[in-house]
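Student: Contents of run-v5.cif (mmCIF, C-alpha atoms; chains and numbers go by the auth columns) are given next:
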```
data_protein
loop_
_atom_site.group_PDB
_atom_site.id
_atom_site.type_symbol
_atom_site.label_atom_id
_atom_site.label_comp_id
_atom_site.label_asym_id
_atom_site.label_seq_id
_atom_site.Cartn_x
_atom_site.Cartn_y
_atom_site.Cartn_z
_atom_site.B_iso_or_equiv
_atom_site.auth_seq_id
_atom_site.auth_asym_id
ATOM 1 C CA MET A 1 -37.399 -78.225 41.395 0.00 11 A
ATOM 2 C CA PRO A 2 -38.734 -79.701 38.140 0.00 12 A
ATOM 3 C CA GLN A 3 -42.159 -81.317 38.430 0.00 13 A
ATOM 4 C CA THR A 4 -42.937 -83.988 35.870 0.00 14 A
ATOM 5 C CA PHE A 5 -45.674 -86.585 35.493 0.00 15 A
ATOM 6 C CA TYR A 6 -46.087 -88.794 32.436 0.00 16 A
ATOM 7 C CA ARG A 7 -47.311 -92.159 31.241 0.00 17 A
ATOM 8 C CA TYR A 8 -46.605 -94.297 28.173 0.00 18 A
ATOM 9 C CA PHE A 9 -49.293 -96.777 27.162 0.00 19 A
ATOM 10 C CA PRO A 10 -49.379 -100.198 25.530 0.00 20 A
ATOM 11 C CA VAL A 11 -51.788 -100.240 22.588 0.00 21 A
ATOM 12 C CA ALA A 12 -54.109 -103.205 22.110 0.00 22 A
ATOM 13 C CA LYS A 13 -55.866 -104.199 18.897 0.00 23 A
ATOM 14 C CA ARG A 14 -59.213 -102.846 20.159 0.00 24 A
ATOM 15 C CA ASP A 15 -57.517 -99.480 20.762 0.00 25 A
ATOM 16 C CA ARG A 16 -56.302 -99.388 17.164 0.00 26 A
ATOM 17 C CA ASP A 17 -59.761 -100.468 15.976 0.00 27 A
ATOM 18 C CA TRP A 18 -61.237 -97.470 17.812 0.00 28 A
ATOM 19 C CA GLY A 19 -59.614 -95.267 15.164 0.00 29 A
ATOM 20 C CA LEU A 20 -57.434 -93.111 17.399 0.00 30 A
ATOM 21 C CA PHE A 21 -55.205 -94.338 20.213 0.00 31 A
ATOM 22 C CA VAL A 22 -52.999 -92.512 22.716 0.00 32 A
ATOM 23 C CA THR A 23 -49.371 -93.467 23.255 0.00 33 A
ATOM 24 C CA THR A 24 -48.255 -90.982 25.903 0.00 34 A
ATOM 25 C CA VAL A 25 -49.531 -88.139 28.078 0.00 35 A
ATOM 26 C CA GLY A 26 -47.694 -85.900 30.491 0.00 36 A
ATOM 27 C CA GLU A 27 -46.808 -82.501 31.840 0.00 37 A
ATOM 28 C CA SER A 28 -43.626 -80.853 33.097 0.00 38 A
ATOM 29 C CA ARG A 29 -43.086 -77.648 35.029 0.00 39 A
ATOM 30 C CA LEU A 30 -39.485 -76.699 34.409 0.00 40 A
ATOM 31 C CA GLY A 31 -37.845 -73.680 35.985 0.00 41 A
ATOM 32 C CA PRO A 32 -34.999 -71.571 34.567 0.00 42 A
ATOM 33 C CA GLY A 33 -31.800 -73.481 33.901 0.00 43 A
ATOM 34 C CA THR A 34 -33.416 -76.926 34.068 0.00 44 A
ATOM 35 C CA THR A 35 -31.679 -79.641 32.035 0.00 45 A
ATOM 36 C CA TYR A 36 -33.845 -80.557 29.066 0.00 46 A
ATOM 37 C CA PRO A 37 -35.414 -82.905 28.290 0.00 47 A
ATOM 38 C CA PRO A 38 -36.111 -84.530 31.687 0.00 48 A
ATOM 39 C CA ALA A 39 -34.553 -87.971 32.079 0.00 49 A
ATOM 40 C CA ASN A 40 -36.090 -91.451 32.094 0.00 50 A
ATOM 41 C CA HIS A 41 -38.273 -91.251 28.998 0.00 51 A
ATOM 42 C CA PRO A 42 -38.236 -94.547 27.054 0.00 52 A
ATOM 43 C CA LYS A 43 -36.198 -95.157 23.931 0.00 53 A
ATOM 44 C CA GLY A 44 -37.716 -93.448 20.918 0.00 54 A
ATOM 45 C CA TYR A 45 -39.063 -90.587 22.988 0.00 55 A
ATOM 46 C CA ASP A 46 -35.895 -89.362 24.678 0.00 56 A
ATOM 47 C CA PHE A 47 -33.624 -87.154 22.609 0.00 57 A
ATOM 48 C CA ARG A 48 -30.645 -84.846 22.729 0.00 58 A
ATOM 49 C CA VAL A 49 -31.555 -81.277 21.928 0.00 59 A
ATOM 50 C CA ARG A 50 -28.688 -80.819 19.466 0.00 60 A
ATOM 51 C CA ALA A 51 -29.429 -84.048 17.597 0.00 61 A
ATOM 52 C CA GLY A 52 -33.235 -83.787 17.611 0.00 62 A
ATOM 53 C CA ARG A 53 -35.436 -86.774 16.799 0.00 63 A
ATOM 54 C CA ARG A 54 -38.162 -88.254 14.617 0.00 64 A
ATOM 55 C CA LEU A 55 -41.300 -89.740 16.137 0.00 65 A
ATOM 56 C CA HIS A 56 -43.530 -92.451 14.672 0.00 66 A
ATOM 57 C CA GLU A 57 -46.694 -90.688 15.869 0.00 67 A
ATOM 58 C CA TYR A 58 -48.396 -87.336 16.250 0.00 68 A
ATOM 59 C CA GLN A 59 -47.895 -85.187 19.337 0.00 69 A
ATOM 60 C CA ILE A 60 -49.565 -82.031 20.589 0.00 70 A
ATOM 61 C CA ILE A 61 -47.452 -80.042 23.055 0.00 71 A
ATOM 62 C CA TYR A 62 -49.079 -77.049 24.754 0.00 72 A
ATOM 63 C CA ILE A 63 -46.757 -74.489 26.356 0.00 73 A
ATOM 64 C CA SER A 64 -48.809 -72.756 29.039 0.00 74 A
ATOM 65 C CA ALA A 65 -46.001 -70.738 30.667 0.00 75 A
ATOM 66 C CA GLY A 66 -42.449 -69.667 29.895 0.00 76 A
ATOM 67 C CA SER A 67 -40.779 -69.552 26.504 0.00 77 A
ATOM 68 C CA GLY A 68 -38.388 -71.465 24.270 0.00 78 A
ATOM 69 C CA TRP A 69 -37.855 -72.538 20.677 0.00 79 A
ATOM 70 C CA LEU A 70 -38.691 -75.188 18.108 0.00 80 A
ATOM 71 C CA LYS A 71 -36.598 -76.397 15.190 0.00 81 A
ATOM 72 C CA THR A 72 -38.443 -78.399 12.551 0.00 82 A
ATOM 73 C CA ALA A 73 -37.833 -79.714 9.055 0.00 83 A
ATOM 74 C CA ALA A 74 -41.576 -79.831 8.340 0.00 84 A
ATOM 75 C CA SER A 75 -41.341 -77.561 5.306 0.00 85 A
ATOM 76 C CA GLY A 76 -38.400 -79.452 3.803 0.00 86 A
ATOM 77 C CA ARG A 77 -35.792 -77.192 5.358 0.00 87 A
ATOM 78 C CA ILE A 78 -34.873 -76.674 8.994 0.00 88 A
ATOM 79 C CA ARG A 79 -36.240 -73.507 10.522 0.00 89 A
ATOM 80 C CA ARG A 80 -36.201 -72.198 14.067 0.00 90 A
ATOM 81 C CA VAL A 81 -39.322 -70.692 15.628 0.00 91 A
ATOM 82 C CA ARG A 82 -39.661 -68.860 18.941 0.00 92 A
ATOM 83 C CA ILE A 83 -42.190 -70.411 21.319 0.00 93 A
ATOM 84 C CA ASP A 84 -44.076 -68.256 23.822 0.00 94 A
ATOM 85 C CA ALA A 85 -46.688 -69.130 26.425 0.00 95 A
ATOM 86 C CA GLY A 86 -50.002 -69.929 24.747 0.00 96 A
ATOM 87 C CA THR A 87 -48.372 -71.770 21.839 0.00 97 A
ATOM 88 C CA VAL A 88 -49.168 -75.303 20.686 0.00 98 A
ATOM 89 C CA ILE A 89 -46.479 -77.365 18.946 0.00 99 A
ATOM 90 C CA PHE A 90 -47.929 -79.964 16.571 0.00 100 A
ATOM 91 C CA LEU A 91 -45.470 -82.753 15.720 0.00 101 A
ATOM 92 C CA PHE A 92 -45.978 -85.169 12.831 0.00 102 A
ATOM 93 C CA PRO A 93 -44.658 -88.687 12.211 0.00 103 A
ATOM 94 C CA GLU A 94 -41.180 -88.994 10.686 0.00 104 A
ATOM 95 C CA VAL A 95 -40.622 -85.205 10.639 0.00 105 A
ATOM 96 C CA TRP A 96 -37.312 -84.197 12.251 0.00 106 A
ATOM 97 C CA HIS A 97 -37.613 -81.718 15.105 0.00 107 A
ATOM 98 C CA SER A 98 -36.021 -80.454 18.280 0.00 108 A
ATOM 99 C CA TYR A 99 -37.256 -78.052 20.950 0.00 109 A
ATOM 100 C CA ALA A 100 -36.356 -76.764 24.393 0.00 110 A
ATOM 101 C CA PRO A 101 -37.281 -74.069 26.903 0.00 111 A
ATOM 102 C CA SER A 102 -35.194 -70.938 27.258 0.00 112 A
ATOM 103 C CA ALA A 103 -32.597 -71.240 30.002 0.00 113 A
ATOM 104 C CA SER A 104 -33.713 -67.871 31.405 0.00 114 A
ATOM 105 C CA THR A 105 -37.419 -68.729 31.747 0.00 115 A
ATOM 106 C CA GLY A 106 -37.996 -72.486 31.611 0.00 116 A
ATOM 107 C CA TRP A 107 -41.518 -73.471 30.606 0.00 117 A
ATOM 108 C CA THR A 108 -44.568 -75.532 31.494 0.00 118 A
ATOM 109 C CA GLU A 109 -45.480 -78.140 28.896 0.00 119 A
ATOM 110 C CA HIS A 110 -48.472 -80.461 28.531 0.00 120 A
ATOM 111 C CA TRP A 111 -48.514 -83.165 25.882 0.00 121 A
ATOM 112 C CA VAL A 112 -50.439 -85.999 24.326 0.00 122 A
ATOM 113 C CA GLY A 113 -49.080 -88.429 21.734 0.00 123 A
ATOM 114 C CA PHE A 114 -51.456 -90.312 19.451 0.00 124 A
ATOM 115 C CA ASN A 115 -51.906 -92.131 16.168 0.00 125 A
ATOM 116 C CA GLY A 116 -54.468 -94.166 14.252 0.00 126 A
ATOM 117 C CA ASP A 117 -56.682 -94.197 11.186 0.00 127 A
ATOM 118 C CA LEU A 118 -58.694 -91.191 12.346 0.00 128 A
ATOM 119 C CA ALA A 119 -55.611 -89.056 12.940 0.00 129 A
ATOM 120 C CA ARG A 120 -54.232 -89.934 9.500 0.00 130 A
ATOM 121 C CA ARG A 121 -57.605 -89.150 7.930 0.00 131 A
ATOM 122 C CA PHE A 122 -57.613 -85.668 9.485 0.00 132 A
ATOM 123 C CA VAL A 123 -54.240 -84.993 7.891 0.00 133 A
ATOM 124 C CA LYS A 124 -55.103 -86.590 4.540 0.00 134 A
ATOM 125 C CA ARG A 125 -58.262 -84.444 4.283 0.00 135 A
ATOM 126 C CA GLY A 126 -56.279 -81.279 5.005 0.00 136 A
ATOM 127 C CA PHE A 127 -57.558 -80.429 8.468 0.00 137 A
ATOM 128 C CA PHE A 128 -53.982 -80.406 9.761 0.00 138 A
ATOM 129 C CA SER A 129 -50.632 -80.224 8.002 0.00 139 A
ATOM 130 C CA ALA A 130 -46.998 -80.758 8.934 0.00 140 A
ATOM 131 C CA ASP A 131 -46.354 -77.414 7.251 0.00 141 A
ATOM 132 C CA ARG A 132 -48.282 -75.758 10.106 0.00 142 A
ATOM 133 C CA PRO A 133 -46.427 -76.995 13.216 0.00 143 A
ATOM 134 C CA ILE A 134 -47.287 -73.955 15.358 0.00 144 A
ATOM 135 C CA VAL A 135 -50.786 -72.972 16.509 0.00 145 A
ATOM 136 C CA ARG A 136 -51.761 -70.202 18.893 0.00 146 A
ATOM 137 C CA ALA A 137 -53.859 -71.843 21.588 0.00 147 A
ATOM 138 C CA GLY A 138 -56.689 -69.293 21.440 0.00 148 A
ATOM 139 C CA GLU A 139 -59.200 -70.574 24.007 0.00 149 A
ATOM 140 C CA GLU A 140 -56.548 -71.441 26.577 0.00 150 A
ATOM 141 C CA ASP A 141 -58.974 -72.103 29.442 0.00 151 A
ATOM 142 C CA ASN A 142 -60.751 -74.779 27.403 0.00 152 A
ATOM 143 C CA LEU A 143 -57.489 -76.255 26.154 0.00 153 A
ATOM 144 C CA MET A 144 -56.100 -76.426 29.682 0.00 154 A
ATOM 145 C CA ALA A 145 -59.325 -78.075 30.877 0.00 155 A
ATOM 146 C CA PHE A 146 -58.956 -80.814 28.237 0.00 156 A
ATOM 147 C CA PHE A 147 -55.378 -81.516 29.312 0.00 157 A
ATOM 148 C CA ASN A 148 -56.430 -81.538 32.961 0.00 158 A
ATOM 149 C CA ASP A 149 -59.123 -84.104 32.096 0.00 159 A
ATOM 150 C CA ILE A 150 -56.503 -86.242 30.375 0.00 160 A
ATOM 151 C CA MET A 151 -54.171 -86.160 33.361 0.00 161 A
ATOM 152 C CA GLU A 152 -56.958 -86.794 35.882 0.00 162 A
ATOM 153 C CA SER A 153 -58.301 -89.752 33.909 0.00 163 A
ATOM 154 C CA THR A 154 -54.782 -91.160 33.636 0.00 164 A
ATOM 155 C CA ARG A 155 -54.159 -90.865 37.361 0.00 165 A
ATOM 156 C CA ARG A 156 -57.494 -92.534 38.133 0.00 166 A
ATOM 157 C CA ASN A 157 -56.838 -95.241 35.509 0.00 167 A
ATOM 158 C CA HIS A 158 -60.483 -95.361 34.427 0.00 168 A
ATOM 159 C CA PRO A 159 -61.811 -98.452 32.620 0.00 169 A
ATOM 160 C CA ALA A 160 -61.537 -98.027 28.835 0.00 170 A
ATOM 161 C CA LEU A 161 -58.896 -95.397 29.533 0.00 171 A
ATOM 162 C CA GLN A 162 -57.675 -95.451 25.927 0.00 172 A
ATOM 163 C CA GLN A 163 -61.118 -94.537 24.627 0.00 173 A
ATOM 164 C CA ILE A 164 -61.505 -91.737 27.195 0.00 174 A
ATOM 165 C CA LEU A 165 -58.112 -90.306 26.268 0.00 175 A
ATOM 166 C CA ALA A 166 -58.876 -90.642 22.559 0.00 176 A
ATOM 167 C CA GLY A 167 -62.088 -88.651 23.037 0.00 177 A
ATOM 168 C CA ALA A 168 -60.262 -85.871 24.888 0.00 178 A
ATOM 169 C CA THR A 169 -57.597 -85.789 22.182 0.00 179 A
ATOM 170 C CA VAL A 170 -60.208 -85.369 19.454 0.00 180 A
ATOM 171 C CA ARG A 171 -61.694 -82.476 21.436 0.00 181 A
ATOM 172 C CA ILE A 172 -58.266 -80.843 21.550 0.00 182 A
ATOM 173 C CA LEU A 173 -57.899 -81.317 17.796 0.00 183 A
ATOM 174 C CA ALA A 174 -61.345 -79.818 17.216 0.00 184 A
ATOM 175 C CA LEU A 175 -60.472 -76.785 19.356 0.00 185 A
ATOM 176 C CA LEU A 176 -57.213 -76.225 17.472 0.00 186 A
ATOM 177 C CA TYR A 177 -59.031 -76.536 14.153 0.00 187 A
ATOM 178 C CA SER A 178 -61.596 -74.007 15.353 0.00 188 A
ATOM 179 C CA VAL A 179 -58.801 -71.587 16.234 0.00 189 A
ATOM 180 C CA GLU A 180 -57.316 -71.998 12.773 0.00 190 A
ATOM 181 C CA GLN A 181 -60.692 -71.402 11.140 0.00 191 A
ATOM 182 C CA SER A 182 -61.310 -68.259 13.170 0.00 192 A
ATOM 183 C CA LYS A 183 -58.117 -66.788 11.713 0.00 193 A
ATOM 184 C CA LEU A 184 -59.585 -67.087 8.226 0.00 194 A
ATOM 185 C CA THR A 185 -62.138 -64.372 9.006 0.00 195 A
ATOM 186 C CA GLY A 186 -59.307 -61.914 9.656 0.00 196 A
ATOM 187 C CA ASP A 187 -60.411 -58.363 8.931 0.00 197 A
ATOM 188 C CA ASP A 188 -62.840 -59.319 6.150 0.00 198 A
ATOM 189 C CA PRO A 189 -66.080 -57.404 6.950 0.00 199 A
ATOM 190 C CA GLY A 190 -68.226 -59.921 5.102 0.00 200 A
ATOM 191 C CA LEU A 191 -66.855 -62.939 6.978 0.00 201 A
ATOM 192 C CA GLN A 192 -67.133 -61.084 10.293 0.00 202 A
ATOM 193 C CA ALA A 193 -70.762 -60.248 9.531 0.00 203 A
ATOM 194 C CA ILE A 194 -71.525 -63.891 8.756 0.00 204 A
ATOM 195 C CA GLN A 195 -69.908 -64.991 12.015 0.00 205 A
ATOM 196 C CA LYS A 196 -71.934 -62.452 14.032 0.00 206 A
ATOM 197 C CA THR A 197 -75.112 -63.525 12.237 0.00 207 A
ATOM 198 C CA VAL A 198 -74.538 -67.177 13.097 0.00 208 A
ATOM 199 C CA ILE A 199 -74.027 -66.232 16.760 0.00 209 A
ATOM 200 C CA ARG A 200 -77.294 -64.263 16.818 0.00 210 A
ATOM 201 C CA MET A 201 -79.169 -67.154 15.219 0.00 211 A
ATOM 202 C CA ARG A 202 -77.828 -69.571 17.832 0.00 212 A
ATOM 203 C CA GLU A 203 -78.819 -67.227 20.632 0.00 213 A
ATOM 204 C CA ALA A 204 -82.351 -66.919 19.238 0.00 214 A
ATOM 205 C CA VAL A 205 -82.910 -70.615 18.641 0.00 215 A
ATOM 206 C CA GLU A 206 -86.154 -70.635 20.684 0.00 216 A
ATOM 207 C CA THR A 207 -87.522 -67.315 19.434 0.00 217 A
ATOM 208 C CA SER A 208 -88.701 -66.024 16.098 0.00 218 A
ATOM 209 C CA ILE A 209 -86.195 -64.135 13.950 0.00 219 A
ATOM 210 C CA ASN A 210 -86.999 -61.221 11.680 0.00 220 A
ATOM 211 C CA MET A 211 -84.928 -62.179 8.667 0.00 221 A
ATOM 212 C CA PRO A 212 -84.715 -58.700 7.095 0.00 222 A
ATOM 213 C CA ASP A 213 -83.465 -57.304 10.407 0.00 223 A
ATOM 214 C CA LEU A 214 -80.995 -60.147 10.710 0.00 224 A
#
```
Is it possible to give me this structure as structure tokens?
Tutor:
Amino acid sequence: MPQTFYRYFPVAKRDRDWGLFVTTVGESRLGPGTTYPPANHPKGYDFRVRAGRRLHEYQIIYISAGSGWLKTAASGRIRRVRIDAGTVIFLFPEVWHSYAPSASTGWTEHWVGFNGDLARRFVKRGFFSADRPIVRAGEEDNLMAFFNDIMESTRRNHPALQQILAGATVRILALLYSVEQSKLTGDDPGLQAIQKTVIRMREAVETSINMPDL
């Protein structure tokens, strides 16, 4: 049977003043052949797979199990991308998209929707782009821990919940940015050497370092 838990949040002025606010969080464990998307999401978030939708916010959707597909018009033309476990879908405001799990596998999805001045600044400064809607999760244990924190805080309804969720969302964004940056090293021996050197320097922070040896 499908297992789904989600919340949609009202946003107060102080939440907007914080710089980043969260609109929705949730997770669904959907087996093979499950009708998608699950019912009872509010207007503006529900959609028909064939018709797709446009959101007025950013969303990060982490697929931790199963497989499926994403269609997006992020690059100006509609393209279809296969989604496997360990993939993060990054949705941007006003960009048409549609997605669904494969009927043969289903999938497990975890999501957070957000917006605000800080989110828009990240995009304006080039940290994230609608042209890069797919990110490999990389450090999946850490990513899953952040989503678990989000869901636990939501269930407990902590005071200043918006600010707690905003902090966890920024941590997710930082992790995804780190994954993207690590790809830039690729097979370049010089960049790999620099990365290893930085690691050694961090490990030896309380000891003396022989610079020529380093």
Student: Name the residues captured by the PyMOL selection byres ((chain A and resi 35) around 9) when it is applied to the shown file; answer as a ChimeraX atom specification.
Tutor: /A:15-19,32-34,36-37,120-123,157,160-161,164
Student: So what does the PyMOL selection byres ((chain A and resi 49) around 12) actually pick up in this one, as a PDB file with C-alpha atoms, keeping the file's coordinate frame?
Tutor:
```pdb
ATOM      1  CA  PRO A  12     -38.734 -79.701  38.140  1.00  0.00           C
ATOM      2  CA  GLN A  13     -42.159 -81.317  38.430  1.00  0.00           C
ATOM      3  CA  THR A  14     -42.937 -83.988  35.870  1.00  0.00           C
ATOM      4  CA  PHE A  15     -45.674 -86.585  35.493  1.00  0.00           C
ATOM      5  CA  TYR A  16     -46.087 -88.794  32.436  1.00  0.00           C
ATOM      6  CA  SER A  38     -43.626 -80.853  33.097  1.00  0.00           C
ATOM      7  CA  THR A  44     -33.416 -76.926  34.068  1.00  0.00           C
ATOM      8  CA  THR A  45     -31.679 -79.641  32.035  1.00  0.00           C
ATOM      9  CA  TYR A  46     -33.845 -80.557  29.066  1.00  0.00           C
ATOM     10  CA  PRO A  47     -35.414 -82.905  28.290  1.00  0.00           C
ATOM     11  CA  PRO A  48     -36.111 -84.530  31.687  1.00  0.00           C
ATOM     12  CA  ASN A  50     -36.090 -91.451  32.094  1.00  0.00           C
ATOM     13  CA  HIS A  51     -38.273 -91.251  28.998  1.00  0.00           C
ATOM     14  CA  PRO A  52     -38.236 -94.547  27.054  1.00  0.00           C
ATOM     15  CA  LYS A  53     -36.198 -95.157  23.931  1.00  0.00           C
ATOM     16  CA  TYR A  55     -39.063 -90.587  22.988  1.00  0.00           C
ATOM     17  CA  ASP A  56     -35.895 -89.362  24.678  1.00  0.00           C
ATOM     18  CA  PHE A  57     -33.624 -87.154  22.609  1.00  0.00           C
ATOM     19  CA  ARG A  58     -30.645 -84.846  22.729  1.00  0.00           C
TER      20      ARG A  58
END
```
Student: Taking all atoms listed in the file into account, name the residue in A:Gly29, A:Pro20, A:Pro169, A:Gly78 that is nearest to Gly43 of chain A.
Tutor: A:Gly78
Student: Using the chain letters and residue numbers of this document, give as a list of chain:residue names the residues selected by the PyMOL selection byres ((chain A and resi 79) around 9).
Tutor: A:Ser77, A:Gly78, A:Leu80, A:Lys81, A:Arg90, A:Val91, A:Arg92, A:Ile93, A:Asp94, A:Ser108, A:Tyr109, A:Ala110, A:Pro111, A:Ser112
Student: Hey, can I get the axis-aligned box for segment 54-65 of chain A? All listed atoms, 5 Å padding on each side, centre and edge lengths in Å to one decimal, as AutoDock Vina command-line options.
Tutor:
```
--center_x -35.0 --center_y -87.1 --center_z 19.6 --size_x 22.6 --size_y 22.6 --size_z 20.1
```
Student: Have a look at atom CA of Leu171 of chain A and atom CA of Trp28 of chain A and let me know their distance in Å, one decimal.
Tutor: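 According to the coordinates, atom CA of Leu171 of chain A and atom CA of Trp28 of chain A are separated by 12.1 Å.
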Student: Once you count only C-alpha atoms, which residues end up no further than 8 Å from (-77.5, -58.8, 6.6) in the file's frame, shown as a list in words?
Tutor: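 Checking each residue against the 8 Å limit leaves Ala203, Thr207, Pro222, Asp223 and Leu224 of chain A.
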Student: Could you tell me how far atom CA of Gly148 of chain A sits from atom CA of Ser188 of chain A, in Å to one decimal place?
Tutor: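 These two atoms are separated by 9.1 Å.
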Student: What does the structure give for the distance between atom CA of Ser139 of chain A and atom CA of Ala84 of chain A, in Å to one decimal?
Tutor: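 Rounded to one decimal, the two atoms are 9.1 Å apart.
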Student: Using only C-alpha atoms, find the one residue out of A:Tyr72, A:Phe138, A:Phe100, A:Phe132 that sits nearest to Trp117 of chain A.
Tutor: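 Between A:Tyr72, A:Phe138, A:Phe100, A:Phe132, the residue approaching Trp117 of chain A most closely is A:Tyr72.
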Student: Select, from A:Thr97, A:Gln69, A:Asn125, A:Ser192, the residue with the minimum atom-to-atom distance to Leu153 of chain A, counting only C-alpha atoms.
Tutor: A:Thr97
Student: Could you write segment 122-129 of chain A as a compact mmCIF listing (two decimals), keeping the file's coordinate frame, with all heavy atoms rebuilt where they are missing?
Tutor:
```txt
# COMPACT_ATOMS: atom_id res chain seq x y z
N VAL A 122 -49.76 -84.74 24.61
CA VAL A 122 -50.44 -86.00 24.33
C VAL A 122 -49.91 -86.51 22.99
O VAL A 122 -49.80 -85.75 22.02
CB VAL A 122 -51.98 -85.83 24.29
CG1 VAL A 122 -52.41 -84.77 23.28
CG2 VAL A 122 -52.66 -87.16 24.00
N GLY A 123 -49.52 -87.78 22.96
CA GLY A 123 -49.08 -88.43 21.73
C GLY A 123 -50.15 -89.40 21.26
O GLY A 123 -50.78 -90.07 22.09
N PHE A 124 -50.35 -89.49 19.96
CA PHE A 124 -51.46 -90.31 19.45
C PHE A 124 -51.18 -90.73 18.01
O PHE A 124 -50.28 -90.20 17.34
CB PHE A 124 -52.78 -89.55 19.53
CG PHE A 124 -52.79 -88.25 18.76
CD1 PHE A 124 -53.31 -88.19 17.48
CD2 PHE A 124 -52.25 -87.09 19.31
CE1 PHE A 124 -53.31 -87.00 16.76
CE2 PHE A 124 -52.25 -85.88 18.61
CZ PHE A 124 -52.77 -85.86 17.33
N ASN A 125 -52.00 -91.67 17.55
CA ASN A 125 -51.91 -92.13 16.17
C ASN A 125 -53.20 -92.87 15.84
O ASN A 125 -54.10 -92.94 16.68
CB ASN A 125 -50.69 -93.04 15.96
CG ASN A 125 -50.10 -92.92 14.57
OD1 ASN A 125 -50.82 -92.63 13.62
ND2 ASN A 125 -48.80 -93.14 14.46
N GLY A 126 -53.30 -93.40 14.63
CA GLY A 126 -54.47 -94.17 14.25
C GLY A 126 -55.08 -93.70 12.95
O GLY A 126 -54.71 -92.66 12.39
N ASP A 127 -56.03 -94.49 12.47
CA ASP A 127 -56.68 -94.20 11.19
C ASP A 127 -57.35 -92.83 11.18
O ASP A 127 -57.31 -92.12 10.17
CB ASP A 127 -57.72 -95.28 10.87
CG ASP A 127 -57.10 -96.64 10.64
OD1 ASP A 127 -55.90 -96.69 10.33
OD2 ASP A 127 -57.82 -97.65 10.79
N LEU A 128 -57.99 -92.47 12.29
CA LEU A 128 -58.69 -91.19 12.35
C LEU A 128 -57.72 -90.02 12.27
O LEU A 128 -57.97 -89.04 11.54
CB LEU A 128 -59.53 -91.10 13.63
CG LEU A 128 -60.39 -89.84 13.80
CD1 LEU A 128 -61.36 -89.69 12.64
CD2 LEU A 128 -61.12 -89.88 15.13
N ALA A 129 -56.61 -90.12 12.99
CA ALA A 129 -55.61 -89.06 12.94
C ALA A 129 -55.07 -88.89 11.52
O ALA A 129 -54.93 -87.77 11.02
CB ALA A 129 -54.48 -89.37 13.91
```
